[in-house]
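Enquirer: What follows is run_30.tsv, TSV, C-alpha atoms.
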chain	number	residue	atom	x	y	z
A	1	MET	CA	28.58	1.06	4.08
A	2	SER	CA	29.49	2.48	7.49
A	3	SER	CA	31.16	0.18	10.00
A	4	THR	CA	28.28	0.59	12.47
A	5	LYS	CA	25.71	-0.26	9.80
A	6	ASN	CA	27.71	-3.33	8.76
A	7	THR	CA	28.04	-4.39	12.40
A	8	VAL	CA	24.32	-4.18	13.08
A	9	LEU	CA	23.30	-5.91	9.84
A	10	THR	CA	25.74	-8.74	10.44
A	11	ALA	CA	24.72	-9.16	14.07
A	12	VAL	CA	20.99	-9.05	13.34
A	13	GLY	CA	21.46	-11.47	10.45
A	14	GLU	CA	23.11	-14.01	12.74
A	15	LEU	CA	20.76	-13.44	15.68
A	16	PHE	CA	17.41	-13.23	13.91
A	17	GLY	CA	18.20	-14.63	10.46
A	18	LYS	CA	20.23	-17.69	11.41
A	19	LYS	CA	18.63	-17.72	14.90
A	20	ASP	CA	22.04	-18.40	16.40
A	21	PRO	CA	22.20	-17.80	20.19
A	22	GLY	CA	26.00	-18.01	19.94
A	23	ALA	CA	25.99	-14.72	18.03
A	24	VAL	CA	25.34	-13.03	21.38
A	25	ASP	CA	28.93	-13.85	22.38
A	26	ARG	CA	30.31	-12.39	19.14
A	27	TRP	CA	28.22	-9.27	18.79
A	28	VAL	CA	26.63	-8.21	22.09
A	29	ALA	CA	28.33	-6.19	24.83
A	30	ALA	CA	28.45	-7.59	28.36
A	31	ASP	CA	26.57	-4.52	29.64
A	32	TYR	CA	23.90	-4.68	26.88
A	33	ARG	CA	21.07	-2.34	27.87
A	34	GLN	CA	17.55	-3.21	26.76
A	35	HIS	CA	14.60	-0.82	26.32
A	36	SER	CA	12.22	-3.15	24.47
A	37	ALA	CA	9.00	-4.29	26.12
A	38	LEU	CA	9.71	-7.81	24.81
A	39	ALA	CA	12.93	-8.72	26.63
A	40	ALA	CA	14.70	-8.32	29.94
A	41	ASP	CA	18.02	-6.53	30.32
A	42	GLY	CA	21.41	-7.96	29.42
A	43	PRO	CA	22.90	-10.37	26.87
A	44	GLU	CA	21.57	-13.54	28.52
A	45	ALA	CA	17.97	-12.38	28.12
A	46	LEU	CA	18.69	-11.76	24.42
A	47	ARG	CA	20.23	-15.23	24.14
A	48	THR	CA	17.09	-16.74	25.64
A	49	LEU	CA	14.90	-14.76	23.23
A	50	VAL	CA	16.90	-15.91	20.19
A	51	ALA	CA	16.98	-19.53	21.39
A	52	GLY	CA	13.19	-19.49	21.72
A	53	LEU	CA	12.39	-18.14	18.25
A	54	PRO	CA	9.92	-20.44	16.47
A	55	GLU	CA	10.66	-22.40	13.32
A	56	GLY	CA	8.74	-20.04	11.03
A	57	PHE	CA	10.27	-16.85	12.40
A	58	ARG	CA	11.87	-14.45	9.91
A	59	TYR	CA	12.70	-10.77	9.55
A	60	VAL	CA	12.23	-8.86	6.29
A	61	GLY	CA	14.22	-5.63	6.27
A	62	ALA	CA	13.08	-2.55	4.38
A	63	ARG	CA	15.66	0.16	5.15
A	64	VAL	CA	18.63	0.96	7.38
A	65	ILE	CA	19.84	4.37	8.60
A	66	ALA	CA	23.20	4.92	10.29
A	67	ASP	CA	24.05	8.06	12.25
A	68	GLY	CA	27.17	8.01	14.38
A	69	ASP	CA	26.92	5.15	16.88
A	70	LEU	CA	23.18	4.67	16.25
A	71	VAL	CA	21.69	2.42	13.56
A	72	ALA	CA	17.95	2.22	12.88
A	73	LEU	CA	16.26	-0.70	11.11
A	74	HIS	CA	12.79	-0.61	9.56
A	75	GLY	CA	11.20	-3.91	8.61
A	76	THR	CA	8.70	-6.66	9.38
A	77	TYR	CA	8.89	-9.57	11.81
A	78	HIS	CA	7.04	-12.75	10.91
A	79	GLY	CA	6.48	-15.38	13.60
A	80	PHE	CA	6.71	-13.35	16.81
A	81	GLY	CA	2.95	-13.86	17.11
A	82	PRO	CA	-0.03	-14.84	14.96
A	83	ASP	CA	0.27	-11.69	12.82
A	84	PRO	CA	3.31	-10.03	11.23
A	85	LEU	CA	4.65	-6.98	13.07
A	86	VAL	CA	6.09	-3.85	11.45
A	87	ALA	CA	9.00	-2.58	13.51
A	88	PHE	CA	11.58	0.08	14.05
A	89	ASP	CA	14.69	-1.10	15.91
A	90	ILE	CA	17.45	1.21	17.09
A	91	PHE	CA	20.84	-0.14	18.15
A	92	ARG	CA	23.75	1.70	19.73
A	93	VAL	CA	27.14	0.29	18.80
A	94	ASP	CA	29.96	0.77	21.31
A	95	ALA	CA	33.63	1.57	20.65
A	96	ASP	CA	34.44	-2.16	20.53
A	97	GLY	CA	31.96	-2.75	17.71
A	98	LYS	CA	29.40	-4.52	19.93
A	99	LEU	CA	25.67	-3.97	20.26
A	100	ALA	CA	25.41	-2.00	23.50
A	101	GLU	CA	21.80	-0.76	23.64
A	102	HIS	CA	18.48	-1.40	21.91
A	103	TRP	CA	15.12	0.35	21.54
A	104	ASP	CA	12.14	-0.73	19.44
A	105	ALA	CA	8.50	-0.18	18.52
A	106	LEU	CA	6.19	-2.70	16.86
A	107	THR	CA	2.71	-2.55	15.37
A	108	PRO	CA	0.56	-5.09	13.48
A	109	LEU	CA	0.92	-5.29	9.71
A	110	ILE	CA	-2.25	-3.94	8.06
A	111	GLY	CA	-3.16	-5.30	4.63
A	112	ASP	CA	-5.75	-2.72	3.59
A	113	THR	CA	-4.39	0.82	4.03
A	114	ALA	CA	-5.99	4.19	3.29
A	115	SER	CA	-3.27	5.18	0.81
A	116	GLY	CA	-2.88	1.80	-0.85
A	117	ARG	CA	0.76	1.83	0.21
A	118	SER	CA	2.17	-0.72	2.61
A	119	GLN	CA	3.71	0.26	5.94
A	120	THR	CA	7.22	-0.44	4.62
A	121	ASP	CA	7.29	0.04	0.83
A	122	GLY	CA	8.86	3.00	-0.96
A	123	PRO	CA	12.50	4.06	-1.43
A	124	THR	CA	14.89	1.90	0.59
A	125	GLU	CA	18.34	3.49	0.33
A	126	PRO	CA	19.31	6.88	1.78
A	127	THR	CA	20.33	9.42	-0.86
A	128	ASP	CA	21.90	12.91	-0.79
A	129	PRO	CA	24.37	12.28	2.07
A	130	HIS	CA	25.64	15.86	1.78
A	131	LEU	CA	22.20	17.08	2.89
A	132	THR	CA	22.06	15.04	6.09
A	133	GLU	CA	22.47	17.96	8.48
A	134	ALA	CA	20.13	20.27	6.55
A	135	ASN	CA	17.45	17.58	6.52
A	136	ARG	CA	17.99	16.84	10.21
A	137	ALA	CA	17.52	20.54	11.01
A	138	LEU	CA	14.37	20.77	8.87
A	139	VAL	CA	12.70	17.77	10.53
A	140	LEU	CA	13.70	18.93	14.02
A	141	GLU	CA	12.20	22.36	13.39
A	142	PHE	CA	9.05	20.67	12.03
A	143	ALA	CA	8.90	18.55	15.19
A	144	GLU	CA	9.23	21.57	17.48
A	145	LYS	CA	6.74	23.82	15.69
A	146	VAL	CA	4.18	21.38	14.29
A	147	LEU	CA	4.38	18.10	16.22
A	148	LYS	CA	5.13	19.52	19.68
A	149	GLY	CA	3.84	23.06	19.15
A	150	ALA	CA	0.71	21.93	17.25
A	151	ASP	CA	0.99	24.98	14.95
A	152	TYR	CA	-0.52	23.59	11.77
A	153	THR	CA	-0.55	27.03	10.11
A	154	VAL	CA	3.13	26.46	9.21
A	155	LEU	CA	2.66	22.85	8.05
A	156	THR	CA	3.32	23.68	4.39
A	157	ASP	CA	6.64	25.30	5.34
A	158	TYR	CA	7.88	21.77	5.99
A	159	VAL	CA	5.63	19.31	4.14
A	160	SER	CA	5.27	19.33	0.36
A	161	THR	CA	1.87	20.32	-1.00
A	162	GLU	CA	2.61	18.44	-4.22
A	163	THR	CA	3.95	15.08	-3.05
A	164	TYR	CA	3.34	13.53	0.34
A	165	HIS	CA	3.38	9.73	0.26
A	166	GLN	CA	1.79	8.32	3.39
A	167	HIS	CA	2.45	4.88	4.91
A	168	ASN	CA	0.43	5.23	8.11
A	169	PRO	CA	-2.34	2.68	7.40
A	170	GLU	CA	-5.16	5.03	8.43
A	171	ALA	CA	-4.10	8.12	6.43
A	172	ALA	CA	-4.37	8.67	2.69
A	173	ASP	CA	-1.70	10.42	0.62
A	174	GLY	CA	-1.31	14.19	0.71
A	175	LEU	CA	-1.96	16.81	3.34
A	176	ASP	CA	-5.70	16.39	2.87
A	177	GLY	CA	-5.34	12.70	3.67
A	178	PHE	CA	-3.44	13.47	6.84
A	179	GLY	CA	-5.97	16.13	7.84
A	180	ALA	CA	-8.88	13.72	7.40
A	181	ALA	CA	-7.14	11.05	9.46
A	182	ALA	CA	-6.27	13.52	12.23
A	183	ALA	CA	-9.90	14.67	12.38
A	184	LYS	CA	-11.09	11.06	12.65
A	185	TRP	CA	-8.57	10.34	15.41
A	186	ALA	CA	-9.69	13.44	17.32
A	187	GLU	CA	-13.30	12.21	17.17
A	188	GLN	CA	-12.06	8.97	18.74
A	189	GLY	CA	-10.33	10.90	21.54
A	190	LYS	CA	-6.88	10.27	20.06
A	191	ASP	CA	-5.34	13.69	19.49
A	192	LEU	CA	-1.73	13.62	18.28
A	193	VAL	CA	0.23	14.95	21.26
A	194	TYR	CA	4.03	15.05	21.09
A	195	LYS	CA	5.75	15.90	24.38
A	196	LYS	CA	9.43	15.12	23.84
A	197	VAL	CA	11.70	14.09	20.98
A	198	HIS	CA	14.19	11.60	22.40
A	199	LYS	CA	16.26	10.72	19.34
A	200	VAL	CA	16.93	12.00	15.83
A	201	ILE	CA	18.69	9.60	13.46
A	202	ALA	CA	19.49	11.05	10.05
A	203	GLU	CA	21.25	9.78	6.96
A	204	GLY	CA	20.88	11.70	3.73
A	205	ASP	CA	17.21	12.20	2.84
A	206	LEU	CA	15.91	9.94	5.65
A	207	VAL	CA	15.30	11.24	9.18
A	208	LEU	CA	13.85	9.14	12.02
A	209	LEU	CA	12.35	10.68	15.15
A	210	GLN	CA	11.76	8.71	18.33
A	211	SER	CA	9.29	10.70	20.44
A	212	GLU	CA	7.18	10.42	23.56
A	213	GLY	CA	3.60	11.62	23.71
A	214	GLU	CA	-0.05	10.67	23.83
A	215	PHE	CA	-2.48	9.18	21.32
A	216	GLY	CA	-5.45	8.65	23.58
A	217	THR	CA	-3.01	6.92	25.95
A	218	PRO	CA	0.76	7.36	26.51
A	219	VAL	CA	2.63	6.21	23.40
A	220	ALA	CA	6.00	6.05	21.71
A	221	TYR	CA	6.07	7.63	18.25
A	222	TYR	CA	8.60	6.47	15.68
A	223	ASP	CA	8.28	8.73	12.61
A	224	LEU	CA	10.49	8.28	9.55
A	225	PHE	CA	10.49	11.16	7.06
A	226	ARG	CA	11.98	11.40	3.57
A	227	VAL	CA	13.03	14.91	2.56
A	228	GLN	CA	13.37	16.10	-1.02
A	229	GLY	CA	13.96	19.64	-2.21
A	230	GLY	CA	13.79	21.03	1.31
A	231	LYS	CA	10.32	19.56	2.04
A	232	ILE	CA	9.03	16.36	3.63
A	233	VAL	CA	7.64	14.16	0.84
A	234	GLU	CA	7.12	10.78	2.54
A	235	HIS	CA	6.28	9.40	5.97
A	236	TRP	CA	6.37	6.00	7.65
A	237	ASP	CA	5.55	5.42	11.30
A	238	VAL	CA	4.91	3.10	14.21
A	239	ILE	CA	2.81	4.24	17.17
A	240	THR	CA	2.98	1.89	20.14
A	241	PRO	CA	1.47	2.16	23.64
A	242	VAL	CA	3.80	2.69	26.59
A	243	PRO	CA	3.23	-0.41	28.76
A	244	ALA	CA	2.47	-0.04	32.44
A	245	GLU	CA	5.31	-2.45	33.26
A	246	LEU	CA	8.53	-3.43	31.52
A	247	PRO	CA	10.73	-6.51	32.05
A	248	HIS	CA	13.61	-4.17	33.05
A	249	SER	CA	14.10	-0.80	34.76
A	250	ASN	CA	15.55	1.10	31.78
A	251	GLY	CA	12.37	2.70	30.46
A	252	LEU	CA	11.08	2.60	26.89
A	253	PHE	CA	13.16	5.61	25.77
Can I see the file as structure tokens?
Expert:
Amino acid sequence: MSSTKNTVLTAVGELFGKKDPGAVDRWVAADYRQHSALAADGPEALRTLVAGLPEGFRYVGARVIADGDLVALHGTYHGFGPDPLVAFDIFRVDADGKLAEHWDALTPLIGDTASGRSQTDGPTEPTDPHLTEANRALVLEFAEKVLKGADYTVLTDYVSTETYHQHNPEAADGLDGFGAAAAKWAEQGKDLVYKKVHKVIAEGDLVLLQSEGEFGTPVAYYDLFRVQGGKIVEHWDVITPVPAELPHSNGLF
């Protein structure tokens, strides 16, 4: 396990597992920069958030991806509100081994999905570490040509026609399932518009994109892809609206 991955897992375990506000002193940098819509900037705001977590609060992790100083978590929060929330969290770890920056995106957990898959199930551990850079390049090219460029004629150059496991709750498996969901969204005035990819976090066969765009309204897209045999074979995501106001001046991205 990489040192950054171990740092984030330990810190998150103490902060949100043990709900220990004192973990802020051990694991959070003095200049901690927050991008979440749920908390203000700085370590003291995080301390207040942790101290206020309710009795029934818990986090169930699904997968972790480490890439340089960035670590991405994918899992489910229970107890933040009346319904569980599926989330992607990204942390930047500084040279001193402290959490220095945080981004996130959350969406309600849906029980009945089009594919029958949950929003977080599927393979959990990154594989094929020697293919990290090839898989990063593939997904980035897919993002430029298909997601941003909206050129769906080249979709099968990047996405497998044989296996495409879908975890977006409104889309069924396979390219046909995605096509049907996209058509339904378009009828609702929610075209998939990607304007800018802000971050790419890759480890082995797993590649996470953090993007800015529109889905009827301005949104943040967090798309996690699993690559096998040079093609995308699985997809998880969170799409969250960009709020009009944030409790800090750092922006969502």
Enquirer: Considering all atoms listed in the file, return as a list in words whatever protein or nucleic-acid residues lie within 9 Å of A:Leu49, sequence-local ones (same chain, fewer than 3 positions apart) excluded.
Expert: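 Everything that qualifies: Pro21, Leu38, Ala39, Glu44, Ala45, Leu46, Gly52 and Leu53 of chain A.
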Enquirer: Write the residues of the preceding selection, restricted to C-alpha atoms, as a PDB file, in the frame of the given file.
Expert:
ATOM      1  CA  PRO A  21      22.200 -17.800  20.190  1.00  0.00           C
ATOM      2  CA  LEU A  38       9.710  -7.810  24.810  1.00  0.00           C
ATOM      3  CA  ALA A  39      12.930  -8.720  26.630  1.00  0.00           C
ATOM      4  CA  GLU A  44      21.570 -13.540  28.520  1.00  0.00           C
ATOM      5  CA  ALA A  45      17.970 -12.380  28.120  1.00  0.00           C
ATOM      6  CA  LEU A  46      18.690 -11.760  24.420  1.00  0.00           C
ATOM      7  CA  GLY A  52      13.190 -19.490  21.720  1.00  0.00           C
ATOM      8  CA  LEU A  53      12.390 -18.140  18.250  1.00  0.00           C
TER       9      LEU A  53
END
Enquirer: Could you tell me which of A:His165, A:Arg47, A:Arg63, A:Arg33 comes closest to A:Asp94 if we count all atoms listed in the file?
Expert: A:Arg33
Enquirer: Could you give me, as a list in words, the residues that have an atom at most 12 Å away from the point (-7.4, -0.4, 5.4) in the coordinates of the file, using only C-alpha atoms?
Expert: Leu109, Ile110, Gly111, Asp112, Thr113, Ala114, Ser115, Gly116, Arg117, Ser118, Gln119, His167, Asn168, Pro169, Glu170, Ala171 and Ala172 of chain A
Enquirer: Need to verify the contact set: A:Leu9, 10 Å, all atoms listed in the file, exclusion of same-chain residues closer than 3 positions in sequence. Can you return it as a list of chain:residue names?
Expert: A:Ser3, A:Thr4, A:Lys5, A:Asn6, A:Val12, A:Gly13, A:Glu14, A:Leu15, A:Gly61, A:Val64, A:Val71, A:Leu73
Enquirer: Would you write out those residues with C-alpha atoms, as a PDB file, in the coordinates of the input?
Expert:
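So out-v5.pdb came out as:
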ATOM      1  CA  SER A   3      31.160   0.180  10.000  1.00  0.00           C
ATOM      2  CA  THR A   4      28.280   0.590  12.470  1.00  0.00           C
ATOM      3  CA  LYS A   5      25.710  -0.260   9.800  1.00  0.00           C
ATOM      4  CA  ASN A   6      27.710  -3.330   8.760  1.00  0.00           C
ATOM      5  CA  VAL A  12      20.990  -9.050  13.340  1.00  0.00           C
ATOM      6  CA  GLY A  13      21.460 -11.470  10.450  1.00  0.00           C
ATOM      7  CA  GLU A  14      23.110 -14.010  12.740  1.00  0.00           C
ATOM      8  CA  LEU A  15      20.760 -13.440  15.680  1.00  0.00           C
ATOM      9  CA  GLY A  61      14.220  -5.630   6.270  1.00  0.00           C
ATOM     10  CA  VAL A  64      18.630   0.960   7.380  1.00  0.00           C
ATOM     11  CA  VAL A  71      21.690   2.420  13.560  1.00  0.00           C
ATOM     12  CA  LEU A  73      16.260  -0.700  11.110  1.00  0.00           C
TER      13      LEU A  73
END
Enquirer: Rank nothing, just name the residue among A:Gln188, A:Gln228, A:Ser36, A:Thr124 nearest to A:Pro247, using all atoms listed in the file.
Expert: A:Ser36
Enquirer: Taking all atoms listed in the file into account, which of A:Lys190, A:Lys18, A:Lys199, A:His35 comes nearest A:Phe215?
Expert: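 Closest to A:Phe215 of all the choices is A:Lys190.
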Enquirer: If you measure from atom CA of A:Ala30 to atom CA of A:Asp96, what distance in Å do you get, rounded to one decimal?
Expert: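 Computed distance, atom CA of A:Ala30 to atom CA of A:Asp96, equals 11.3 Å.
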Enquirer: Given only C-alpha atoms as the basis, pick out the residue of A:Arg26, A:Arg226, A:Lys231, A:Lys148 nearest to A:Asp191.
Expert: A:Lys148
Enquirer: So that I can check the surroundings of stretch 81-88 of chain A, please list as a VMD selection string every protein, DNA and RNA residue that reaches within 9 Å of it, counting only C-alpha atoms and ignoring chain neighbours fewer than 3 positions away.
Expert: chain A and resid 72 to 78 103 to 110 119 to 120 222 237 to 238
Enquirer: As a list in words, please: the residues near A:Leu192 (cut-off 9 Å, only C-alpha atoms, same-chain neighbours under 6 positions excluded).
Expert: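 So the residues in contact are Leu147, Ala150, Ala182, Trp185, Ala186, Gly213, Glu214, Phe215 and Gly216 of chain A.
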Enquirer: Which of these, A:Leu138, A:Ile90, A:Leu155, A:Ala29, has the shortest distance to A:Ile65 once you count only C-alpha atoms?
Expert: A:Ile90
Enquirer: Separation of atom CA of A:Asp176 and atom CA of A:Glu162, in Å?
Expert: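 Between atom CA of A:Asp176 and atom CA of A:Glu162 the gap is 11.1 Å.
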Enquirer: When you look at A:Tyr32 with a cut-off of 6 Å (counting all atoms listed in the file), what residues show up, excluding the ones that are within fewer than 6 positions of it in the same chain? I need them as an NGL selection string.
Expert: :A and (42-43 or 100-101)
Enquirer: Interatomic distance between atom CA of A:Val197 and atom CA of A:Asp31?
Expert: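 The value is 25.3 Å.
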